[in-house]
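Enquirer: Let me give you the structure first, and then I'll get to my questions.
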Amino acid sequence: MYVVPTPLGNLADLTERARTVLREVPWVAAEDTRHSQPLLRHLGAAARLIPAHEHNEREAAGRIIEKLAAGDAVALVSDAGTPAVSDPGARIVAAVRAAGFRVVPLPGPCAAVAALSASGLADPHFLFYGFLPAKAGQRRQALESLKALPYALVFYEAPHRVVEAVEDLAAVLGERTLVIARELTKLFESIHSGPLAEAPAWMRADPNRQKGEFVLVVSGAPAGADDGGGERVLKLLLADGLPVKQAARLAAAITGASKNALYERALQLKD
Ligand code: SAM
């Protein structure tokens, strides 16, 4: 089974290999068959379609495994971008591999990677979060849990929630850089970068800035950011001679700060 990324907007982003696979396989498992049909028609592909959406992944996996067992190749696609990245597909991949068949990933379009590559953020690490919870309380709670991480954070957001999401990012994460990547690869593509605190006003200033598809990329927590005293405790434990891993674990348990963030910080301090 081939996992095939499809364009985010610009058809020319379909790779040569994806084109060949989609033309040659007899079956394409698609998140939305009506959505994928025009792409297949455009390619002159004659593959038959198997619906493989969020609510039927188990059943779809069964059908795909039947085809593979009969010796047919299958391509898995989602509506746009890379399957299984904030899209259905992961359960199908797991089931296909568990049934003993090979899963072949094709690299290709992915909104998160495209946004990150043009973000200009120099953080050496990034965390792909995908969609934040839709409800404000849960969203803020999720952001609290990310606050101390020294990684660039990558979010997907829907247009009708993007302003409130940006407001919450600013309220919870504090002083950072925010990159707003909108309509990537499409006619109105725009990439705006600026201080997170100024982003809600920037978005509200022009309704066009709130339209389309968004990736939000936020720079990572600055070293020594407020982590409920985590760094202070970490330093004490390291000064007492505790190994990095143990010091990070204990400082996280004592203060509630992120163990991973403290571990990264401990490595930096040791350096
Ligand atoms: N699997 C896809 C991928 O690889 O990027 C993501 C699918 S997810 C259901 C859809 C979200 O991806 C959108 O809500 C938006 O946040 C982001 N996205 C997709 N296309 C985009 C584009 N052209 N520009 C900016 N963001 C995009």
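All residue names refer to the structure tokens as shown: chains lettered A, B, ... in order, residues numbered from 1 in each chain, ligands numbered from 1 in order.
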Just the alpha helix (DSSP H) stuff from stretch 71-193 of chain A, please, per backbone DSSP, written as a PyMOL selection string.
Expert: chain A and resi 90-98+111-117+136-146+162-173
Enquirer: Restrict the selected residues to N, CA and C atoms and save them as an mmCIF file, in the first residue's frame.
Expert:
data_model
loop_
_atom_site.group_PDB
_atom_site.id
_atom_site.type_symbol
_atom_site.label_atom_id
_atom_site.label_comp_id
_atom_site.auth_asym_id
_atom_site.auth_seq_id
_atom_site.Cartn_x
_atom_site.Cartn_y
_atom_site.Cartn_z
ATOM 1 N N ALA A 90 -3.859 6.639 9.801
ATOM 2 C CA ALA A 90 -2.935 5.935 10.711
ATOM 3 C C ALA A 90 -3.444 4.530 11.045
ATOM 4 N N ARG A 91 -4.746 4.401 11.299
ATOM 5 C CA ARG A 91 -5.276 3.076 11.675
ATOM 6 C C ARG A 91 -5.212 2.106 10.502
ATOM 7 N N ILE A 92 -5.412 2.633 9.331
ATOM 8 C CA ILE A 92 -5.336 1.792 8.130
ATOM 9 C C ILE A 92 -3.896 1.298 7.941
ATOM 10 N N VAL A 93 -2.946 2.222 8.078
ATOM 11 C CA VAL A 93 -1.535 1.853 7.948
ATOM 12 C C VAL A 93 -1.189 0.756 8.956
ATOM 13 N N ALA A 94 -1.626 0.938 10.202
ATOM 14 C CA ALA A 94 -1.300 -0.043 11.252
ATOM 15 C C ALA A 94 -1.893 -1.408 10.902
ATOM 16 N N ALA A 95 -3.146 -1.411 10.444
ATOM 17 C CA ALA A 95 -3.809 -2.680 10.143
ATOM 18 C C ALA A 95 -3.142 -3.375 8.954
ATOM 19 N N VAL A 96 -2.770 -2.576 7.948
ATOM 20 C CA VAL A 96 -2.148 -3.155 6.741
ATOM 21 C C VAL A 96 -0.798 -3.773 7.110
ATOM 22 N N ARG A 97 -0.033 -3.053 7.929
ATOM 23 C CA ARG A 97 1.270 -3.594 8.299
ATOM 24 C C ARG A 97 1.099 -4.829 9.191
ATOM 25 N N ALA A 98 0.103 -4.765 10.104
ATOM 26 C CA ALA A 98 -0.130 -5.913 10.988
ATOM 27 C C ALA A 98 -0.546 -7.148 10.186
ATOM 28 N N ALA A 111 1.188 20.693 4.846
ATOM 29 C CA ALA A 111 1.084 22.118 5.202
ATOM 30 C C ALA A 111 2.040 22.467 6.340
ATOM 31 N N ALA A 112 2.167 21.582 7.321
ATOM 32 C CA ALA A 112 3.012 21.872 8.488
ATOM 33 C C ALA A 112 4.471 22.065 8.054
ATOM 34 N N VAL A 113 4.949 21.167 7.220
ATOM 35 C CA VAL A 113 6.358 21.227 6.806
ATOM 36 C C VAL A 113 6.589 22.436 5.896
ATOM 37 N N ALA A 114 5.624 22.701 5.009
ATOM 38 C CA ALA A 114 5.766 23.862 4.120
ATOM 39 C C ALA A 114 5.839 25.144 4.953
ATOM 40 N N ALA A 115 4.942 25.274 5.952
ATOM 41 C CA ALA A 115 4.923 26.480 6.784
ATOM 42 C C ALA A 115 6.227 26.597 7.579
ATOM 43 N N LEU A 116 6.662 25.499 8.136
ATOM 44 C CA LEU A 116 7.880 25.505 8.945
ATOM 45 C C LEU A 116 9.085 25.917 8.103
ATOM 46 N N SER A 117 9.119 25.416 6.875
ATOM 47 C CA SER A 117 10.283 25.681 6.025
ATOM 48 C C SER A 117 10.383 27.153 5.658
ATOM 49 N N ALA A 136 -12.695 26.860 24.242
ATOM 50 C CA ALA A 136 -11.687 27.797 24.760
ATOM 51 C C ALA A 136 -10.950 27.245 25.987
ATOM 52 N N GLY A 137 -11.704 26.685 26.949
ATOM 53 C CA GLY A 137 -11.082 26.207 28.189
ATOM 54 C C GLY A 137 -10.063 25.114 27.902
ATOM 55 N N GLN A 138 -10.481 24.156 27.087
ATOM 56 C CA GLN A 138 -9.583 23.035 26.756
ATOM 57 C C GLN A 138 -8.390 23.518 25.929
ATOM 58 N N ARG A 139 -8.652 24.512 25.081
ATOM 59 C CA ARG A 139 -7.565 25.030 24.246
ATOM 60 C C ARG A 139 -6.489 25.687 25.117
ATOM 61 N N ARG A 140 -6.947 26.480 26.091
ATOM 62 C CA ARG A 140 -5.978 27.148 26.964
ATOM 63 C C ARG A 140 -5.199 26.135 27.803
ATOM 64 N N GLN A 141 -5.933 25.092 28.234
ATOM 65 C CA GLN A 141 -5.278 24.045 29.017
ATOM 66 C C GLN A 141 -4.190 23.351 28.177
ATOM 67 N N ALA A 142 -4.534 23.064 26.926
ATOM 68 C CA ALA A 142 -3.557 22.420 26.029
ATOM 69 C C ALA A 142 -2.335 23.326 25.868
ATOM 70 N N LEU A 143 -2.596 24.637 25.719
ATOM 71 C CA LEU A 143 -1.469 25.559 25.528
ATOM 72 C C LEU A 143 -0.605 25.647 26.783
ATOM 73 N N GLU A 144 -1.258 25.586 27.954
ATOM 74 C CA GLU A 144 -0.489 25.597 29.212
ATOM 75 C C GLU A 144 0.505 24.439 29.222
ATOM 76 N N SER A 145 0.060 23.283 28.717
ATOM 77 C CA SER A 145 0.933 22.108 28.762
ATOM 78 C C SER A 145 2.105 22.231 27.778
ATOM 79 N N LEU A 146 2.011 23.184 26.830
ATOM 80 C CA LEU A 146 3.077 23.348 25.829
ATOM 81 C C LEU A 146 3.998 24.524 26.154
ATOM 82 N N VAL A 162 -9.651 30.945 13.944
ATOM 83 C CA VAL A 162 -8.247 31.335 13.958
ATOM 84 C C VAL A 162 -7.991 32.555 14.850
ATOM 85 N N VAL A 163 -8.944 33.504 14.872
ATOM 86 C CA VAL A 163 -8.694 34.706 15.676
ATOM 87 C C VAL A 163 -8.676 34.349 17.160
ATOM 88 N N GLU A 164 -9.662 33.551 17.602
ATOM 89 C CA GLU A 164 -9.646 33.194 19.027
ATOM 90 C C GLU A 164 -8.435 32.338 19.381
ATOM 91 N N ALA A 165 -8.017 31.503 18.460
ATOM 92 C CA ALA A 165 -6.828 30.669 18.734
ATOM 93 C C ALA A 165 -5.591 31.554 18.884
ATOM 94 N N VAL A 166 -5.454 32.540 18.002
ATOM 95 C CA VAL A 166 -4.299 33.444 18.084
ATOM 96 C C VAL A 166 -4.365 34.258 19.381
ATOM 97 N N GLU A 167 -5.574 34.656 19.772
ATOM 98 C CA GLU A 167 -5.720 35.385 21.044
ATOM 99 C C GLU A 167 -5.251 34.518 22.212
ATOM 100 N N ASP A 168 -5.633 33.249 22.197
ATOM 101 C CA ASP A 168 -5.220 32.355 23.284
ATOM 102 C C ASP A 168 -3.719 32.078 23.255
ATOM 103 N N LEU A 169 -3.166 31.946 22.058
ATOM 104 C CA LEU A 169 -1.708 31.753 21.970
ATOM 105 C C LEU A 169 -1.002 32.925 22.650
ATOM 106 N N ALA A 170 -1.482 34.139 22.335
ATOM 107 C CA ALA A 170 -0.848 35.331 22.901
ATOM 108 C C ALA A 170 -1.037 35.378 24.414
ATOM 109 N N ALA A 171 -2.244 35.030 24.873
ATOM 110 C CA ALA A 171 -2.531 35.116 26.313
ATOM 111 C C ALA A 171 -1.724 34.092 27.103
ATOM 112 N N VAL A 172 -1.576 32.903 26.569
ATOM 113 C CA VAL A 172 -0.939 31.830 27.355
ATOM 114 C C VAL A 172 0.578 31.783 27.140
ATOM 115 N N LEU A 173 1.023 31.963 25.906
ATOM 116 C CA LEU A 173 2.445 31.706 25.639
ATOM 117 C C LEU A 173 3.335 32.932 25.843
#
Enquirer: Given a cut-off of 6 Å, what residues near ligand 1 show up using only C-alpha atoms and all ligand atoms, put as a ChimeraX atom specification?
Expert: /A:8-9,80-83,85-87,110-112,156-158,181-185,213-215
Enquirer: Next, dump the selected residues to file, keeping only N, CA, C and O atoms, as an mmCIF file, in the first residue's frame.
Expert:
data_model
loop_
_atom_site.group_PDB
_atom_site.id
_atom_site.type_symbol
_atom_site.label_atom_id
_atom_site.label_comp_id
_atom_site.auth_asym_id
_atom_site.auth_seq_id
_atom_site.Cartn_x
_atom_site.Cartn_y
_atom_site.Cartn_z
ATOM 1 N N LEU A 8 -1.768 20.648 -1.810
ATOM 2 C CA LEU A 8 -2.535 21.470 -0.864
ATOM 3 C C LEU A 8 -3.389 22.468 -1.629
ATOM 4 O O LEU A 8 -4.354 23.009 -1.101
ATOM 5 N N GLY A 9 -3.013 22.733 -2.868
ATOM 6 C CA GLY A 9 -3.732 23.719 -3.661
ATOM 7 C C GLY A 9 -3.205 23.746 -5.082
ATOM 8 O O GLY A 9 -3.971 23.794 -6.036
ATOM 9 N N ALA A 80 -6.170 16.507 1.048
ATOM 10 C CA ALA A 80 -5.038 17.349 0.637
ATOM 11 C C ALA A 80 -3.886 17.107 1.594
ATOM 12 O O ALA A 80 -4.108 16.901 2.796
ATOM 13 N N GLY A 81 -2.681 17.123 1.073
ATOM 14 C CA GLY A 81 -1.513 16.938 1.929
ATOM 15 C C GLY A 81 -1.248 15.465 2.204
ATOM 16 O O GLY A 81 -1.648 14.579 1.435
ATOM 17 N N THR A 82 -0.586 15.209 3.310
ATOM 18 C CA THR A 82 -0.113 13.869 3.625
ATOM 19 C C THR A 82 -1.125 13.117 4.488
ATOM 20 O O THR A 82 -1.511 13.616 5.554
ATOM 21 N N PRO A 83 -1.551 11.923 4.052
ATOM 22 C CA PRO A 83 -2.475 11.135 4.878
ATOM 23 C C PRO A 83 -1.867 10.881 6.252
ATOM 24 O O PRO A 83 -0.645 10.835 6.403
ATOM 25 N N VAL A 85 -1.549 12.765 8.687
ATOM 26 C CA VAL A 85 -1.083 13.967 9.384
ATOM 27 C C VAL A 85 -2.315 14.833 9.595
ATOM 28 O O VAL A 85 -2.790 15.471 8.644
ATOM 29 N N SER A 86 -2.879 14.799 10.818
ATOM 30 C CA SER A 86 -4.182 15.435 11.098
ATOM 31 C C SER A 86 -5.214 15.032 10.053
ATOM 32 O O SER A 86 -6.060 15.840 9.655
ATOM 33 N N ASP A 87 -5.134 13.843 9.587
ATOM 34 C CA ASP A 87 -6.030 13.274 8.574
ATOM 35 C C ASP A 87 -6.173 11.792 8.878
ATOM 36 O O ASP A 87 -5.303 11.209 9.532
ATOM 37 N N CYS A 110 2.838 18.766 2.559
ATOM 38 C CA CYS A 110 2.335 18.726 3.935
ATOM 39 C C CYS A 110 2.353 20.173 4.418
ATOM 40 O O CYS A 110 3.417 20.819 4.397
ATOM 41 N N ALA A 111 1.188 20.693 4.846
ATOM 42 C CA ALA A 111 1.084 22.118 5.202
ATOM 43 C C ALA A 111 2.040 22.467 6.340
ATOM 44 O O ALA A 111 2.667 23.532 6.332
ATOM 45 N N ALA A 112 2.167 21.582 7.321
ATOM 46 C CA ALA A 112 3.012 21.872 8.488
ATOM 47 C C ALA A 112 4.471 22.065 8.054
ATOM 48 O O ALA A 112 5.132 23.024 8.460
ATOM 49 N N TYR A 156 -2.428 23.555 13.305
ATOM 50 C CA TYR A 156 -3.371 23.751 12.221
ATOM 51 C C TYR A 156 -4.567 24.488 12.819
ATOM 52 O O TYR A 156 -4.897 24.273 13.995
ATOM 53 N N GLU A 157 -5.209 25.362 12.046
ATOM 54 C CA GLU A 157 -6.404 26.017 12.582
ATOM 55 C C GLU A 157 -7.408 26.305 11.479
ATOM 56 O O GLU A 157 -7.037 26.564 10.332
ATOM 57 N N ALA A 158 -8.678 26.202 11.852
ATOM 58 C CA ALA A 158 -9.762 26.473 10.896
ATOM 59 C C ALA A 158 -10.039 27.972 10.877
ATOM 60 O O ALA A 158 -9.870 28.642 11.901
ATOM 61 N N ALA A 181 0.914 31.290 8.404
ATOM 62 C CA ALA A 181 1.044 30.850 7.003
ATOM 63 C C ALA A 181 -0.354 30.532 6.493
ATOM 64 O O ALA A 181 -1.021 29.627 6.988
ATOM 65 N N ARG A 182 -0.809 31.308 5.525
ATOM 66 C CA ARG A 182 -2.201 31.223 5.056
ATOM 67 C C ARG A 182 -2.239 30.844 3.580
ATOM 68 O O ARG A 182 -1.424 31.318 2.799
ATOM 69 N N GLU A 183 -3.154 29.935 3.252
ATOM 70 C CA GLU A 183 -3.400 29.593 1.842
ATOM 71 C C GLU A 183 -2.121 29.187 1.096
ATOM 72 O O GLU A 183 -1.898 29.619 -0.051
ATOM 73 N N LEU A 184 -1.313 28.354 1.729
ATOM 74 C CA LEU A 184 -0.052 27.942 1.113
ATOM 75 C C LEU A 184 -0.283 27.299 -0.243
ATOM 76 O O LEU A 184 -1.219 26.502 -0.402
ATOM 77 N N THR A 185 0.536 27.652 -1.183
ATOM 78 C CA THR A 185 0.529 27.159 -2.568
ATOM 79 C C THR A 185 -0.672 27.653 -3.383
ATOM 80 O O THR A 185 -0.846 27.257 -4.529
ATOM 81 N N GLU A 213 -7.008 28.788 4.729
ATOM 82 C CA GLU A 213 -6.469 27.717 5.575
ATOM 83 C C GLU A 213 -5.193 28.219 6.235
ATOM 84 O O GLU A 213 -4.406 28.931 5.610
ATOM 85 N N PHE A 214 -5.013 27.808 7.486
ATOM 86 C CA PHE A 214 -3.915 28.376 8.269
ATOM 87 C C PHE A 214 -3.014 27.343 8.911
ATOM 88 O O PHE A 214 -3.488 26.332 9.462
ATOM 89 N N VAL A 215 -1.724 27.649 8.904
ATOM 90 C CA VAL A 215 -0.793 26.994 9.823
ATOM 91 C C VAL A 215 -0.211 28.106 10.683
ATOM 92 O O VAL A 215 0.181 29.155 10.167
#
Enquirer: May I have a table of the residues of stretch 68-158 of chain A lying at most 8 Å from stretch 28-40 of chain A, giving each one's closest pair of atoms and their distance in Å to one decimal, counting only C-alpha atoms, ordered by chain and ascending residue number, as CSV?
Expert:
residue,atom,partner,partner_atom,distance
A:Val74,CA,A:Val28,CA,5.6
A:Ala75,CA,A:Val28,CA,4.7
A:Leu76,CA,A:Ala29,CA,4.8
A:Val77,CA,A:Ala30,CA,5.0
A:Ser78,CA,A:Glu31,CA,4.8
A:Asp79,CA,A:Glu31,CA,6.0
A:Pro88,CA,A:Glu31,CA,7.0
Enquirer: Restricting the output to N, CA, C and O atoms, write the selected residues as a PDB file, in the first residue's frame.
Expert:
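So the final result, stored in again05.pdb, reads:
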ATOM      1  N   VAL A  74      -2.575  -0.784  -3.664  1.00  0.00           N
ATOM      2  CA  VAL A  74      -3.563   0.225  -3.274  1.00  0.00           C
ATOM      3  C   VAL A  74      -2.808   1.510  -2.918  1.00  0.00           C
ATOM      4  O   VAL A  74      -1.743   1.447  -2.300  1.00  0.00           O
ATOM      5  N   ALA A  75      -3.365   2.674  -3.306  1.00  0.00           N
ATOM      6  CA  ALA A  75      -2.809   3.957  -2.868  1.00  0.00           C
ATOM      7  C   ALA A  75      -3.770   4.569  -1.856  1.00  0.00           C
ATOM      8  O   ALA A  75      -4.986   4.535  -2.056  1.00  0.00           O
ATOM      9  N   LEU A  76      -3.215   5.094  -0.782  1.00  0.00           N
ATOM     10  CA  LEU A  76      -4.035   5.765   0.235  1.00  0.00           C
ATOM     11  C   LEU A  76      -3.834   7.270   0.104  1.00  0.00           C
ATOM     12  O   LEU A  76      -2.693   7.750   0.139  1.00  0.00           O
ATOM     13  N   VAL A  77      -4.931   8.018  -0.065  1.00  0.00           N
ATOM     14  CA  VAL A  77      -4.832   9.485  -0.164  1.00  0.00           C
ATOM     15  C   VAL A  77      -5.829  10.132   0.795  1.00  0.00           C
ATOM     16  O   VAL A  77      -6.829   9.511   1.186  1.00  0.00           O
ATOM     17  N   SER A  78      -5.524  11.379   1.176  1.00  0.00           N
ATOM     18  CA  SER A  78      -6.515  12.164   1.915  1.00  0.00           C
ATOM     19  C   SER A  78      -6.929  13.336   1.023  1.00  0.00           C
ATOM     20  O   SER A  78      -6.493  13.422  -0.125  1.00  0.00           O
ATOM     21  N   ASP A  79      -7.755  14.237   1.550  1.00  0.00           N
ATOM     22  CA  ASP A  79      -8.255  15.313   0.686  1.00  0.00           C
ATOM     23  C   ASP A  79      -7.128  16.203   0.170  1.00  0.00           C
ATOM     24  O   ASP A  79      -7.155  16.640  -0.980  1.00  0.00           O
ATOM     25  N   PRO A  88      -7.237  11.153   8.376  1.00  0.00           N
ATOM     26  CA  PRO A  88      -7.348   9.708   8.581  1.00  0.00           C
ATOM     27  C   PRO A  88      -6.212   8.966   7.873  1.00  0.00           C
ATOM     28  O   PRO A  88      -5.596   9.508   6.963  1.00  0.00           O
TER      29      PRO A  88
END
Enquirer: I want to know what sits within 9 Å of A:Asp13, based on only C-alpha atoms, with residues of the same chain fewer than 6 positions away left out; could you give that as a VMD selection string?
Expert: chain A and resid 6 to 7 108 to 109 185
Enquirer: Please indicate the distance in Å from atom CA of A:Gly130 to atom CA of A:Ala266, rounded to one decimal place.
Expert: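 Answer for the atom CA of A:Gly130 to atom CA of A:Ala266 separation: 27.4 Å.
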Enquirer: Looking at only C-alpha atoms, which of A:Ile64, A:Val21, A:Val218, A:Ile254 is the one that sits closest to A:Pro105?
Expert: A:Val21
Enquirer: Please identify which residues in stretch 75-219 of chain A DSSP calls strand (DSSP E) from the backbone, and express them as number ranges by chain.
Expert: A: 75-77, 104-105, 126-131, 152-157, 177-182, 190-195, 214-218
Enquirer: Can you pull out every residue within 12 Å of A:Lys259, counting only C-alpha atoms, but drop anything in the same chain fewer than 4 positions away, and send it as JSON, numbers by chain?
Expert: {"A": [145, 146, 148, 149, 150, 227, 230, 231, 234, 244, 245, 246, 247, 248, 249, 250, 251, 252, 253, 254, 255, 263, 264, 265, 266]}
